[in-house]
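*Asks:* Below is the file coords26.txt, which contains compact mmCIF, C-alpha atoms and all ligand atoms.
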```
# COMPACT_ATOMS: atom_id res chain seq x y z
CA MET A 1 -12.95 -29.67 -4.01
CA ASN A 2 -9.30 -28.88 -3.19
CA ARG A 3 -8.33 -28.92 0.47
CA LYS A 4 -7.63 -25.58 2.17
CA LYS A 5 -3.99 -24.49 2.12
CA ASN A 6 -2.08 -24.55 5.40
CA VAL A 7 -0.67 -21.18 6.42
CA VAL A 8 1.78 -20.39 9.22
CA ILE A 9 2.25 -16.85 10.48
CA VAL A 10 5.74 -15.83 11.56
CA GLY A 11 5.50 -12.60 13.57
CA PHE A 12 2.26 -12.58 15.50
CA GLY A 13 1.92 -8.89 16.35
CA GLY A 14 -0.83 -6.52 15.31
CA MET A 15 -0.87 -7.51 11.64
CA GLY A 16 -0.17 -11.19 12.24
CA ASN A 17 -3.23 -11.15 14.45
CA TRP A 18 -5.28 -9.48 11.69
CA HIS A 19 -4.26 -12.29 9.32
CA SER A 20 -5.19 -14.95 11.90
CA HIS A 21 -8.77 -13.62 11.96
CA GLU A 22 -8.84 -13.45 8.14
CA LEU A 23 -7.72 -17.10 8.07
CA GLU A 24 -10.36 -18.17 10.61
CA ASN A 25 -12.99 -17.13 8.08
CA SER A 26 -11.17 -18.17 4.93
CA ASP A 27 -12.75 -20.33 2.22
CA VAL A 28 -9.32 -21.26 0.79
CA CYS A 29 -6.80 -21.33 3.65
CA THR A 30 -6.50 -22.47 7.20
CA LEU A 31 -4.18 -21.33 9.98
CA LEU A 32 -1.83 -24.14 11.02
CA GLY A 33 -0.01 -22.16 13.68
CA ILE A 34 2.12 -19.16 14.52
CA TYR A 35 5.66 -18.43 15.61
CA ASP A 36 6.81 -15.31 17.48
CA ILE A 37 9.89 -14.54 19.54
CA LYS A 38 7.84 -12.76 22.23
CA GLN A 39 6.38 -14.92 25.00
CA GLU A 40 3.38 -12.60 25.41
CA ARG A 41 2.40 -13.18 21.77
CA ILE A 42 2.79 -16.96 22.23
CA ASP A 43 0.59 -16.77 25.34
CA TYR A 44 -2.01 -14.76 23.46
CA ALA A 45 -2.03 -17.29 20.58
CA LYS A 46 -2.44 -20.14 23.08
CA SER A 47 -5.36 -18.32 24.70
CA ARG A 48 -7.03 -18.52 21.28
CA ASN A 49 -6.16 -22.20 20.88
CA ILE A 50 -3.75 -21.49 18.02
CA TYR A 51 -0.82 -23.90 17.71
CA THR A 52 2.47 -22.19 18.60
CA TYR A 53 5.76 -23.37 17.11
CA SER A 54 8.67 -23.36 19.54
CA SER A 55 11.28 -22.22 16.99
CA PHE A 56 11.60 -21.00 13.41
CA GLU A 57 13.38 -24.29 12.71
CA GLU A 58 10.26 -26.18 13.80
CA VAL A 59 8.26 -24.11 11.28
CA LEU A 60 10.76 -24.78 8.50
CA ALA A 61 10.73 -28.51 9.19
CA ASP A 62 6.92 -28.81 9.03
CA LYS A 63 6.13 -30.46 5.70
CA ARG A 64 2.39 -29.79 5.97
CA ILE A 65 2.84 -26.05 5.36
CA ASP A 66 1.71 -24.62 2.01
CA LEU A 67 2.44 -20.95 2.72
CA ILE A 68 4.45 -19.01 5.27
CA LEU A 69 3.52 -15.40 6.00
CA ILE A 70 6.34 -13.21 7.34
CA SER A 71 4.71 -10.47 9.39
CA THR A 72 7.57 -9.25 11.54
CA GLU A 73 9.21 -5.83 11.70
CA ASN A 74 10.24 -4.78 8.19
CA ASP A 75 13.98 -5.52 8.51
CA MET A 76 13.33 -9.20 9.30
CA HIS A 77 11.27 -9.92 6.17
CA LYS A 78 14.31 -10.59 4.02
CA PRO A 79 16.35 -12.98 6.23
CA LEU A 80 13.31 -15.00 7.30
CA ALA A 81 11.83 -15.16 3.79
CA ILE A 82 15.14 -16.23 2.26
CA GLU A 83 15.66 -18.95 4.86
CA ALA A 84 12.13 -20.24 4.32
CA MET A 85 12.40 -20.20 0.52
CA ASN A 86 15.75 -22.01 0.68
CA ARG A 87 13.95 -24.74 2.59
CA GLY A 88 11.40 -25.00 -0.24
CA HIS A 89 8.56 -23.00 1.31
CA ASN A 90 6.19 -20.65 -0.51
CA VAL A 91 6.36 -17.26 1.17
CA PHE A 92 4.46 -14.03 1.27
CA THR A 93 5.60 -11.11 3.35
CA GLU A 94 3.82 -8.18 4.82
CA LYS A 95 4.56 -4.85 3.17
CA PRO A 96 7.04 -3.36 2.55
CA VAL A 97 8.54 -6.48 1.01
CA THR A 98 11.97 -5.37 2.28
CA LEU A 99 14.13 -2.26 2.68
CA SER A 100 16.00 -1.89 -0.63
CA SER A 101 15.96 -2.96 -4.26
CA ALA A 102 19.23 -4.86 -3.76
CA ASP A 103 17.63 -6.91 -0.96
CA LEU A 104 14.55 -7.48 -3.08
CA ALA A 105 16.68 -8.69 -6.00
CA GLU A 106 18.19 -11.33 -3.67
CA MET A 107 14.74 -12.41 -2.51
CA ILE A 108 13.47 -12.73 -6.09
CA GLU A 109 16.55 -14.70 -7.11
CA THR A 110 16.02 -17.04 -4.13
CA ALA A 111 12.37 -17.59 -5.08
CA LYS A 112 13.26 -18.36 -8.69
CA ARG A 113 16.12 -20.68 -7.78
CA ASN A 114 13.89 -22.66 -5.41
CA LYS A 115 10.85 -22.48 -7.73
CA VAL A 116 8.60 -21.25 -4.91
CA LEU A 117 5.90 -18.62 -4.73
CA PHE A 118 7.05 -15.30 -3.32
CA THR A 119 4.90 -12.20 -3.04
CA THR A 120 3.74 -9.45 -0.69
CA HIS A 121 0.45 -8.51 0.91
CA GLN A 122 -0.45 -5.27 -0.90
CA ASN A 123 -3.91 -5.27 0.65
CA ARG A 124 -4.64 -1.61 -0.07
CA ARG A 125 -5.33 -2.61 -3.67
CA TRP A 126 -8.74 -3.66 -2.30
CA ASP A 127 -9.53 -0.33 -0.60
CA GLU A 128 -12.92 0.80 -1.84
CA ASP A 129 -11.91 4.48 -1.97
CA PHE A 130 -9.05 3.47 -4.29
CA LEU A 131 -11.20 1.18 -6.45
CA ALA A 132 -13.71 4.02 -6.87
CA VAL A 133 -10.97 6.28 -8.24
CA LYS A 134 -9.84 3.47 -10.54
CA GLN A 135 -13.39 3.16 -11.89
CA ILE A 136 -13.73 6.93 -12.36
CA ILE A 137 -10.50 7.00 -14.37
CA GLU A 138 -11.26 3.87 -16.42
CA GLU A 139 -14.81 4.94 -17.27
CA GLY A 140 -13.70 8.44 -18.23
CA THR A 141 -16.27 9.96 -15.82
CA ILE A 142 -14.29 13.20 -15.54
CA GLY A 143 -12.60 12.99 -18.95
CA PRO A 144 -8.88 12.39 -19.47
CA VAL A 145 -7.21 12.67 -16.08
CA PHE A 146 -4.19 14.96 -15.73
CA ASN A 147 -3.72 15.19 -11.95
CA ILE A 148 -4.20 12.63 -9.14
CA GLU A 149 -3.66 13.51 -5.51
CA SER A 150 -3.58 10.71 -2.94
CA ARG A 151 -3.19 11.59 0.72
CA VAL A 152 -3.34 9.91 4.10
CA HIS A 153 -3.15 12.00 7.25
CA GLY A 154 -2.81 11.27 10.94
CA SER A 155 -2.20 13.54 13.89
CA ARG A 156 -0.28 11.34 16.35
CA GLY A 157 3.21 11.55 14.86
CA ILE A 158 5.03 8.37 13.96
CA PRO A 159 4.24 5.44 16.31
CA GLY A 160 6.72 5.07 19.17
CA ASP A 161 7.66 1.45 18.32
CA TRP A 162 10.05 0.06 15.67
CA ARG A 163 8.31 2.23 13.07
CA GLY A 164 10.41 5.14 14.34
CA MET A 165 13.72 3.28 13.94
CA LYS A 166 15.77 3.21 10.76
CA LYS A 167 17.40 -0.16 11.50
CA HIS A 168 13.97 -1.84 11.59
CA GLY A 169 12.82 -0.19 8.36
CA GLY A 170 10.71 2.48 10.02
CA GLY A 171 9.39 5.67 8.45
CA MET A 172 6.22 6.60 6.67
CA MET A 173 7.59 6.07 3.17
CA LEU A 174 8.05 2.36 3.92
CA ASP A 175 4.86 2.21 5.96
CA TRP A 176 2.20 4.08 3.96
CA GLY A 177 4.19 5.27 0.93
CA VAL A 178 4.52 1.68 -0.26
CA HIS A 179 0.71 1.30 -0.37
CA LEU A 180 -0.06 4.62 -2.03
CA LEU A 181 2.64 4.22 -4.67
CA ASP A 182 1.61 0.63 -5.40
CA GLN A 183 -1.98 1.75 -5.98
CA ILE A 184 -1.03 4.40 -8.51
CA VAL A 185 1.90 2.92 -10.38
CA ASN A 186 1.04 -0.79 -10.34
CA VAL A 187 -2.74 -0.72 -10.60
CA LEU A 188 -3.84 2.60 -12.13
CA TYR A 189 -0.94 3.03 -14.55
CA PRO A 190 1.04 -0.22 -14.83
CA GLN A 191 1.97 0.48 -18.46
CA LYS A 192 2.91 4.16 -18.18
CA LYS A 193 6.53 5.07 -17.62
CA ILE A 194 7.44 7.47 -14.83
CA LYS A 195 9.94 10.05 -16.01
CA SER A 196 10.78 11.99 -12.84
CA VAL A 197 10.31 12.06 -9.09
CA TYR A 198 10.47 14.89 -6.59
CA CYS A 199 10.04 14.29 -2.88
CA THR A 200 10.51 16.16 0.36
CA MET A 201 10.26 14.40 3.68
CA ASP A 202 9.05 15.62 7.08
CA HIS A 203 10.76 15.11 10.43
CA VAL A 204 8.32 16.78 12.79
CA THR A 205 8.27 14.07 15.46
CA ASN A 206 11.24 11.94 14.43
CA TYR A 207 14.69 12.76 13.01
CA GLU A 208 15.81 9.21 12.30
CA VAL A 209 13.14 8.35 9.74
CA ASP A 210 10.55 10.35 7.81
CA ASP A 211 7.24 10.90 9.60
CA GLY A 212 5.61 12.07 6.39
CA PHE A 213 6.48 13.11 2.85
CA ARG A 214 5.21 14.84 -0.27
CA MET A 215 6.08 13.35 -3.62
CA VAL A 216 5.37 14.26 -7.23
CA MET A 217 5.73 11.71 -10.02
CA MET A 218 5.53 12.79 -13.65
CA PHE A 219 4.39 10.12 -16.09
CA GLU A 220 5.60 10.06 -19.70
CA ASP A 221 2.42 11.58 -21.10
CA GLY A 222 2.34 14.46 -18.63
CA ILE A 223 -0.02 12.91 -16.06
CA ARG A 224 1.03 14.05 -12.62
CA ALA A 225 0.55 12.02 -9.43
CA TYR A 226 0.99 13.67 -6.07
CA VAL A 227 1.31 11.42 -3.02
CA GLU A 228 1.32 12.80 0.50
CA VAL A 229 1.59 11.08 3.88
CA GLY A 230 1.40 13.12 7.06
CA THR A 231 1.32 12.36 10.76
CA SER A 232 1.03 15.95 12.06
CA ASN A 233 -2.22 16.93 10.33
CA PHE A 234 -4.87 18.25 12.67
CA ILE A 235 -7.13 19.23 9.78
CA GLU A 236 -7.54 16.56 7.15
CA LEU A 237 -7.41 17.05 3.40
CA PRO A 238 -9.34 14.74 1.05
CA ARG A 239 -8.05 11.17 0.68
CA TRP A 240 -8.39 11.61 -3.11
CA TYR A 241 -8.57 14.68 -5.33
CA VAL A 242 -8.57 13.82 -9.03
CA GLN A 243 -8.80 16.27 -11.92
CA GLY A 244 -9.88 15.36 -15.42
CA GLN A 245 -10.41 17.64 -18.38
CA ASP A 246 -14.19 17.52 -17.84
CA GLY A 247 -14.53 17.38 -14.08
CA THR A 248 -13.16 16.81 -10.60
CA ALA A 249 -13.59 13.91 -8.15
CA LYS A 250 -12.98 14.11 -4.44
CA SER A 251 -13.43 11.61 -1.61
CA SER A 252 -12.45 10.70 1.90
CA TRP A 253 -11.93 7.05 3.00
CA ASN A 254 -15.71 6.96 3.12
CA ILE A 255 -16.82 6.92 -0.50
CA SER A 256 -20.46 7.47 0.38
CA LYS A 257 -19.38 11.07 0.89
CA GLY A 258 -17.43 11.21 -2.39
CA LYS A 259 -18.28 13.94 -4.89
CA ILE A 260 -17.90 14.32 -8.64
CA VAL A 261 -18.61 17.58 -10.41
CA CYS A 262 -18.46 17.80 -14.20
CA CYS A 263 -18.64 20.76 -16.53
CA THR A 264 -21.65 20.74 -18.88
CA ASN A 265 -20.81 23.82 -20.89
CA TRP A 266 -17.22 24.98 -21.25
CA GLU A 267 -18.27 27.98 -23.35
CA ALA A 268 -20.44 29.46 -20.59
CA LYS A 269 -17.84 31.22 -18.53
CA ASP A 270 -19.95 33.83 -16.79
CA ALA A 271 -19.55 33.93 -13.02
CA VAL A 272 -20.54 35.96 -10.02
CA PRO A 273 -17.23 37.52 -8.93
CA ILE A 274 -15.77 36.82 -5.51
CA ARG A 275 -15.13 40.06 -3.67
CA THR A 276 -12.50 40.14 -0.97
CA ALA A 277 -11.37 43.14 1.03
CA ALA A 278 -8.56 43.76 -1.43
CA GLY A 279 -10.18 43.07 -4.78
CA LEU A 280 -12.37 40.83 -6.88
CA THR A 281 -11.97 37.79 -9.14
CA LYS A 282 -14.13 36.06 -11.70
CA THR A 283 -11.40 33.56 -12.67
CA MET A 284 -11.46 31.91 -9.26
CA ALA A 285 -15.19 32.27 -8.65
CA PRO A 286 -17.24 29.02 -8.59
CA ARG A 287 -19.21 28.14 -11.70
CA THR A 288 -22.89 28.87 -11.80
CA ASP A 289 -25.08 25.77 -11.32
CA ASP A 290 -26.38 25.83 -14.91
CA THR A 291 -22.90 24.98 -16.31
CA ILE A 292 -22.03 22.04 -14.04
CA LYS A 293 -23.59 18.79 -12.91
CA THR A 294 -22.99 16.49 -9.96
CA VAL A 295 -22.42 12.89 -10.97
CA PRO A 296 -23.07 9.97 -8.54
CA TYR A 297 -19.91 8.65 -6.90
CA PRO A 298 -19.22 4.96 -7.72
CA GLU A 299 -20.45 2.42 -5.20
CA ILE A 300 -17.81 -0.26 -4.74
CA LYS A 301 -17.77 -3.43 -2.68
CA SER A 302 -14.49 -5.29 -2.47
CA ASP A 303 -13.24 -8.38 -0.66
CA VAL A 304 -9.63 -8.22 0.50
CA HIS A 305 -9.67 -11.98 0.92
CA ASP A 306 -9.30 -12.15 -2.87
CA PHE A 307 -5.59 -11.70 -2.11
CA TYR A 308 -5.58 -15.15 -0.43
CA ARG A 309 -7.77 -16.63 -3.15
CA ASN A 310 -5.20 -15.47 -5.71
CA LEU A 311 -2.33 -17.01 -3.71
CA VAL A 312 -4.13 -20.34 -3.64
CA ALA A 313 -5.15 -20.22 -7.30
CA THR A 314 -1.52 -19.43 -8.16
CA LEU A 315 -0.28 -22.42 -6.14
CA ASP A 316 -2.85 -24.60 -7.91
CA GLY A 317 -1.65 -23.34 -11.31
CA LYS A 318 -5.03 -21.71 -12.05
CA ALA A 319 -3.92 -18.07 -11.91
CA THR A 320 -0.84 -15.90 -11.91
CA GLN A 321 0.09 -13.94 -8.83
CA LEU A 322 -1.50 -10.50 -8.60
CA VAL A 323 1.39 -8.79 -6.82
CA THR A 324 4.30 -9.54 -9.14
CA HIS A 325 8.05 -9.33 -8.56
CA GLU A 326 8.31 -6.61 -11.21
CA GLN A 327 5.66 -4.52 -9.43
CA LEU A 328 7.39 -4.92 -6.06
CA MET A 329 10.66 -3.83 -7.66
CA ARG A 330 9.06 -0.82 -9.39
CA VAL A 331 7.78 0.55 -6.09
CA MET A 332 11.00 -0.25 -4.24
CA LYS A 333 13.01 1.70 -6.83
CA LEU A 334 10.52 4.56 -6.71
CA MET A 335 10.89 4.79 -2.93
CA GLU A 336 14.66 4.87 -3.37
CA ALA A 337 14.33 7.64 -5.96
CA ALA A 338 12.11 9.58 -3.53
CA CYS A 339 14.74 9.31 -0.78
CA GLU A 340 17.44 10.41 -3.23
CA SER A 341 15.34 13.39 -4.31
CA ASP A 342 14.83 14.40 -0.68
CA ARG A 343 18.58 14.05 0.03
CA LEU A 344 19.63 16.09 -3.01
CA GLY A 345 16.79 18.59 -2.77
CA GLN A 346 16.07 18.19 -6.47
CA VAL A 347 14.02 16.36 -9.07
CA VAL A 348 15.53 12.99 -10.00
CA ALA A 349 15.12 11.23 -13.32
CA PHE A 350 13.34 7.88 -13.37
CA ASP A 351 12.67 5.74 -16.37
CA ALA A 352 10.54 2.75 -15.48
N1 LIG A 401 -0.73 -4.51 5.12
C1 LIG A 401 -1.13 -3.75 6.10
O1 LIG A 401 -2.20 -3.13 6.06
C2 LIG A 401 -0.29 -3.64 7.33
C3 LIG A 401 -0.77 -3.02 8.49
C4 LIG A 401 0.05 -3.00 9.61
C5 LIG A 401 1.31 -3.58 9.56
N2 LIG A 401 1.75 -4.15 8.41
C6 LIG A 401 3.08 -4.77 8.32
O2 LIG A 401 3.06 -5.96 9.09
C7 LIG A 401 4.35 -6.18 9.67
C8 LIG A 401 4.20 -6.32 11.18
O3 LIG A 401 3.66 -5.12 11.69
P1 LIG A 401 2.91 -5.11 13.10
O4 LIG A 401 2.18 -3.85 13.18
O5 LIG A 401 2.18 -6.39 13.26
O6 LIG A 401 4.17 -5.07 14.09
P2 LIG A 401 4.22 -5.64 15.55
O7 LIG A 401 5.40 -5.00 16.21
O8 LIG A 401 2.90 -5.52 16.19
O9 LIG A 401 4.48 -7.21 15.34
C9 LIG A 401 5.70 -7.74 14.89
C10 LIG A 401 5.86 -9.08 15.55
O10 LIG A 401 6.97 -9.78 14.96
C11 LIG A 401 7.63 -10.49 16.00
N3 LIG A 401 8.98 -10.85 15.56
C12 LIG A 401 10.06 -10.06 15.39
N4 LIG A 401 11.12 -10.77 14.98
C13 LIG A 401 10.70 -12.04 14.85
C14 LIG A 401 11.32 -13.26 14.45
N5 LIG A 401 12.61 -13.29 14.09
N6 LIG A 401 10.58 -14.36 14.43
C15 LIG A 401 9.28 -14.37 14.81
N7 LIG A 401 8.63 -13.25 15.22
C16 LIG A 401 9.33 -12.11 15.23
C17 LIG A 401 7.61 -9.53 17.16
O11 LIG A 401 7.88 -10.18 18.40
C18 LIG A 401 6.19 -8.96 17.05
O12 LIG A 401 5.27 -9.71 17.82
C19 LIG A 401 5.21 -5.01 9.23
O13 LIG A 401 5.96 -5.37 8.11
C20 LIG A 401 4.21 -3.94 8.88
O14 LIG A 401 4.68 -3.00 7.93
C21 LIG A 401 0.96 -4.21 7.31
```
Now that the file is in, can you turn its structure into structure tokens?
*Replies:*
Amino acid sequence: MNRKKNVVIVGFGGMGNWHSHELENSDVCTLLGIYDIKQERIDYAKSRNIYTYSSFEEVLADKRIDLILISTENDMHKPLAIEAMNRGHNVFTEKPVTLSSADLAEMIETAKRNKVLFTTHQNRRWDEDFLAVKQIIEEGTIGPVFNIESRVHGSRGIPGDWRGMKKHGGGMMLDWGVHLLDQIVNVLYPQKKIKSVYCTMDHVTNYEVDDGFRMVMMFEDGIRAYVEVGTSNFIELPRWYVQGQDGTAKSSWNISKGKIVCCTNWEAKDAVPIRTAAGLTKTMAPRTDDTIKTVPYPEIKSDVHDFYRNLVATLDGKATQLVTHEQLMRVMKLMEAACESDRLGQVVAFDA
């Protein structure tokens, strides 16, 4: 059996810590040590008996390392990753990979020139609510899908740390947008071209960066994806709302409460009208039970550690990396198009 790969975490904050626990239980990797510029994070690592490097140079010089994870604030991913790759290290960053497509192009070029692995932790690909939607679409449970709505909502505004600062790559587009876009464009529809993007951003609690946004992407065959991130939502909307020609699927993060309703008889259009104080409607009245059926929501179990297993299999030449450079670039360019659309107040063309 191959030995476990040695990983070092650079940036041992909230997410670095999450990775350290993942690595404690890993079947393919082991945590060699961490490096952080904050003494309190070094002290915390020591309290857990984790080796702490005294400088980034000490990390770079350690020949035992198989993989370096960069889990700092977003603006530091690029300089640290490039330095590490230029010293021959395989690198994966936390998301977002970096702040612009020009920066990403430099990172990809550096990886190729040094012949090292370079990718990003797009862990939300393993979210069970997302994988359930993927299954519903792939199995045609609700017929051909024409509208997908993906939302995440909080009610605490943007966090008061670096996430609220432009220079550190703050903002909800780079924080949550990058996950939600990756799910739809790189996993659900990797082969479909996006033709246009429209986005408006919120600044309810922060003027420097977006603290939420609403974005519509039109795919070449008319499929529409709507992505919404909010941090001032005191009443939640569904995490997913997906419409197909034969039915509708809806779920929260908790898929055990997901619901699918399909039409069993399109011809039967009779309905009990809804009466309001000002009038009545049959068009908007719910269908009668004899013309619809409820279909069980998919049960999905995923293991996010498959991300690490893929990294290791890629290093061993037994697999190709799941989160590719092209996919990272597609989402980076989409986020740039969204910002441009918000700035111009109009739909912008996109052709990728
Ligand atoms: N994939 C996910 O689900 C997920 C979730 C949360 C955060 N993240 C990402 O993880 C990254 C870190 O986020 P966080 O919440 O842990 O932030 P954090 O502020 O808790 O931690 C960042 C750490 O990086 C350290 N740091 C900064 N510059 C450094 C340098 N030059 N060298 C070494 N250490 C340095 C800081 O001292 C801090 O301890 C971000 O890119 C964020 O977007 C991803």
*Asks:* If we count only C-alpha atoms, what is near Thr205 in chain A at a cut-off of 10 Å, once residues fewer than 3 positions away on the same chain are taken out, given as a PyMOL selection string?
*Replies:* chain A and resi 156-160+164+202+208-212+231-232
*Asks:* Excluding Ala349 in chain A and its own-chain neighbours fewer than 5 positions away, which residues fall within 7 Å of it when counting all atoms listed in the file? Please give them as a count of residues only.
*Replies:* 3
*Asks:* Enumerate as a ChimeraX atom specification the residues within 9 Å of ligand LIG 401 (chain A), counting only C-alpha atoms and all ligand atoms.
*Replies:* /A:9-18,34-42,55-56,70-77,79-80,93-98,120-124,161-163,169-170,174-176,179
*Asks:* For a test of reading the model, state the distance in Å between CA of Met173 in chain A and CA of Val91 in chain A, rounded to one decimal.
*Replies:*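 Between these atoms lies a distance of 23.4 Å.
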*Asks:* So how many Å separate CA of Gln245 in chain A and CA of Gly143 in chain A, to one decimal?
*Replies:*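 Calculated distance between CA of Gln245 in chain A and CA of Gly143 in chain A is 5.2 Å.
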*Asks:* Taking all atoms listed in the file into account, name the residue in A:Phe130, A:Tyr53, A:Tyr207, A:Phe219 that is nearest to Trp240 in chain A.
*Replies:*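 Comparing A:Phe130, A:Tyr53, A:Tyr207, A:Phe219 against Trp240 in chain A, the winner is A:Phe130.
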*Asks:* Between A:Arg309, A:Arg224, A:Lys269, A:Lys192, single out the one closest to Ala352 in chain A, counting all atoms listed in the file.
*Replies:*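 Ranked by minimum distance to Ala352 in chain A, first place goes to A:Lys192.
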*Asks:* If you count all atoms listed in the file, which residues fall within 10 Å of range 225-228 of chain A, apart from same-chain ones fewer than 2 positions away, as a PDB file with C-alpha atoms, keeping the file's coordinate frame?
*Replies:*
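After the write, selection_12.pdb holds the following:
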```pdb
ATOM      1  CA  PHE A 146      -4.190  14.960 -15.730  1.00  0.00           C
ATOM      2  CA  ASN A 147      -3.720  15.190 -11.950  1.00  0.00           C
ATOM      3  CA  ILE A 148      -4.200  12.630  -9.140  1.00  0.00           C
ATOM      4  CA  GLU A 149      -3.660  13.510  -5.510  1.00  0.00           C
ATOM      5  CA  SER A 150      -3.580  10.710  -2.940  1.00  0.00           C
ATOM      6  CA  ARG A 151      -3.190  11.590   0.720  1.00  0.00           C
ATOM      7  CA  VAL A 152      -3.340   9.910   4.100  1.00  0.00           C
ATOM      8  CA  HIS A 153      -3.150  12.000   7.250  1.00  0.00           C
ATOM      9  CA  MET A 173       7.590   6.070   3.170  1.00  0.00           C
ATOM     10  CA  TRP A 176       2.200   4.080   3.960  1.00  0.00           C
ATOM     11  CA  GLY A 177       4.190   5.270   0.930  1.00  0.00           C
ATOM     12  CA  LEU A 180      -0.060   4.620  -2.030  1.00  0.00           C
ATOM     13  CA  LEU A 181       2.640   4.220  -4.670  1.00  0.00           C
ATOM     14  CA  ILE A 184      -1.030   4.400  -8.510  1.00  0.00           C
ATOM     15  CA  VAL A 185       1.900   2.920 -10.380  1.00  0.00           C
ATOM     16  CA  ILE A 194       7.440   7.470 -14.830  1.00  0.00           C
ATOM     17  CA  VAL A 197      10.310  12.060  -9.090  1.00  0.00           C
ATOM     18  CA  TYR A 198      10.470  14.890  -6.590  1.00  0.00           C
ATOM     19  CA  CYS A 199      10.040  14.290  -2.880  1.00  0.00           C
ATOM     20  CA  THR A 200      10.510  16.160   0.360  1.00  0.00           C
ATOM     21  CA  MET A 201      10.260  14.400   3.680  1.00  0.00           C
ATOM     22  CA  GLY A 212       5.610  12.070   6.390  1.00  0.00           C
ATOM     23  CA  PHE A 213       6.480  13.110   2.850  1.00  0.00           C
ATOM     24  CA  ARG A 214       5.210  14.840  -0.270  1.00  0.00           C
ATOM     25  CA  MET A 215       6.080  13.350  -3.620  1.00  0.00           C
ATOM     26  CA  VAL A 216       5.370  14.260  -7.230  1.00  0.00           C
ATOM     27  CA  MET A 217       5.730  11.710 -10.020  1.00  0.00           C
ATOM     28  CA  MET A 218       5.530  12.790 -13.650  1.00  0.00           C
ATOM     29  CA  PHE A 219       4.390  10.120 -16.090  1.00  0.00           C
ATOM     30  CA  GLY A 222       2.340  14.460 -18.630  1.00  0.00           C
ATOM     31  CA  ILE A 223      -0.020  12.910 -16.060  1.00  0.00           C
ATOM     32  CA  GLY A 230       1.400  13.120   7.060  1.00  0.00           C
ATOM     33  CA  ARG A 239      -8.050  11.170   0.680  1.00  0.00           C
ATOM     34  CA  TRP A 240      -8.390  11.610  -3.110  1.00  0.00           C
ATOM     35  CA  TYR A 241      -8.570  14.680  -5.330  1.00  0.00           C
ATOM     36  CA  VAL A 242      -8.570  13.820  -9.030  1.00  0.00           C
TER      37      VAL A 242
END
```
*Asks:* One decimal, in Å: what's the spacing between CA of Ala102 in chain A and CA of Ala81 in chain A?
*Replies:*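 Here the two named atoms are 14.8 Å from each other.
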*Asks:* With only C-alpha atoms as the counted atoms, please give the residues lying no more than 8 Å from Asn90 in chain A, apart from itself and same-chain residues fewer than 6 positions off, as a ChimeraX atom specification.
*Replies:* /A:66-68,84,116-118
*Asks:* Each residue of range 132-218 of chain A with at least one atom at most 10 Å from range 254-263 of chain A should appear once, together with its nearest atom pair and the corresponding distance in Å (one decimal); atoms considered: all atoms listed in the file; ordering: chain, then increasing residue number; output as a Markdown table.
*Replies:*
```
| residue | atom | partner | partner_atom | distance |
| --- | --- | --- | --- | --- |
| A:Ala132 | CA | A:Ile255 | CA | 7.7 |
| A:Val133 | CA | A:Ile255 | CA | 9.7 |
| A:Ile136 | CA | A:Ile260 | CA | 9.3 |
| A:Thr141 | CA | A:Cys262 | CA | 8.3 |
| A:Ile142 | CA | A:Cys262 | CA | 6.4 |
| A:Gly143 | CA | A:Cys262 | CA | 8.9 |
```
*Asks:* Looking at A:Leu322, A:Leu23, A:Ile137, A:Met172, which one is nearest to Asn6 in chain A, with distances taken over all atoms listed in the file?
*Replies:*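 Once distances to Asn6 in chain A are computed over all atoms listed in the file, the minimum belongs to A:Leu23.
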*Asks:* Listing only residues of range 12-94 of chain A within 12 Å of range 288-307 of chain A, what is the closest atom pair and its distance in Å (to one decimal) for each, using all atoms listed in the file, sorted by chain and residue number ascending, as CSV?
*Replies:*
```
residue,atom,partner,partner_atom,distance
A:Trp18,CA,A:His305,CA,11.9
A:His19,CA,A:His305,CA,10.0
A:His21,CA,A:His305,CA,11.2
A:Glu22,CA,A:His305,CA,7.4
A:Leu23,CA,A:His305,CA,9.0
A:Glu24,CA,A:His305,CA,11.5
A:Asn25,CA,A:His305,CA,9.4
A:Ser26,CA,A:His305,CA,7.5
A:Asp27,CA,A:His305,CA,9.0
A:Val28,CA,A:His305,CA,9.3
A:Cys29,CA,A:His305,CA,10.2
A:Phe92,CA,A:Phe307,CA,10.9
```
*Asks:* Could you check the closest approach to Thr320 in chain A for each of A:Ile82, A:Thr119, A:Arg275, A:Asp43 and tell me which residue wins, using only C-alpha atoms?
*Replies:*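 The shortest atom-to-atom distance to Thr320 in chain A comes from A:Thr119.
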*Asks:* Given 3 Å of margin on each side, can you work out the centre and size in Å (one decimal) of an axis-aligned box holding every listed atom of range 289-307 of chain A, as AutoDock Vina command-line options?
*Replies:*
```
--center_x -16.0 --center_y 6.8 --center_z -7.7 --size_x 26.8 --size_y 44.0 --size_z 23.2
```
*Asks:* Return the single residue from A:Asp316, A:Gln327, A:Gln135, A:Gln191 that is closest to Ala249 in chain A, with distances computed using all atoms listed in the file.
*Replies:* A:Gln135
*Asks:* Of the candidates A:Val272, A:Ala285, A:Leu69, A:Leu315, which one gets nearest to Lys115 in chain A if we count all atoms listed in the file?
*Replies:*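 Closest to Lys115 in chain A of all the choices is A:Leu315.
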*Asks:* Name the residues in contact with Tyr51 in chain A at a cut-off of 9 Å, using all atoms listed in the file, excluding same-chain residues fewer than 5 positions from it; report them as a PDB file with C-alpha atoms, keeping the file's coordinate frame.
*Replies:*
```pdb
ATOM      1  CA  LEU A  31      -4.180 -21.330   9.980  1.00  0.00           C
ATOM      2  CA  LEU A  32      -1.830 -24.140  11.020  1.00  0.00           C
ATOM      3  CA  GLY A  33      -0.010 -22.160  13.680  1.00  0.00           C
ATOM      4  CA  ILE A  34       2.120 -19.160  14.520  1.00  0.00           C
ATOM      5  CA  TYR A  35       5.660 -18.430  15.610  1.00  0.00           C
ATOM      6  CA  ALA A  45      -2.030 -17.290  20.580  1.00  0.00           C
ATOM      7  CA  LYS A  46      -2.440 -20.140  23.080  1.00  0.00           C
TER       8      LYS A  46
END
```
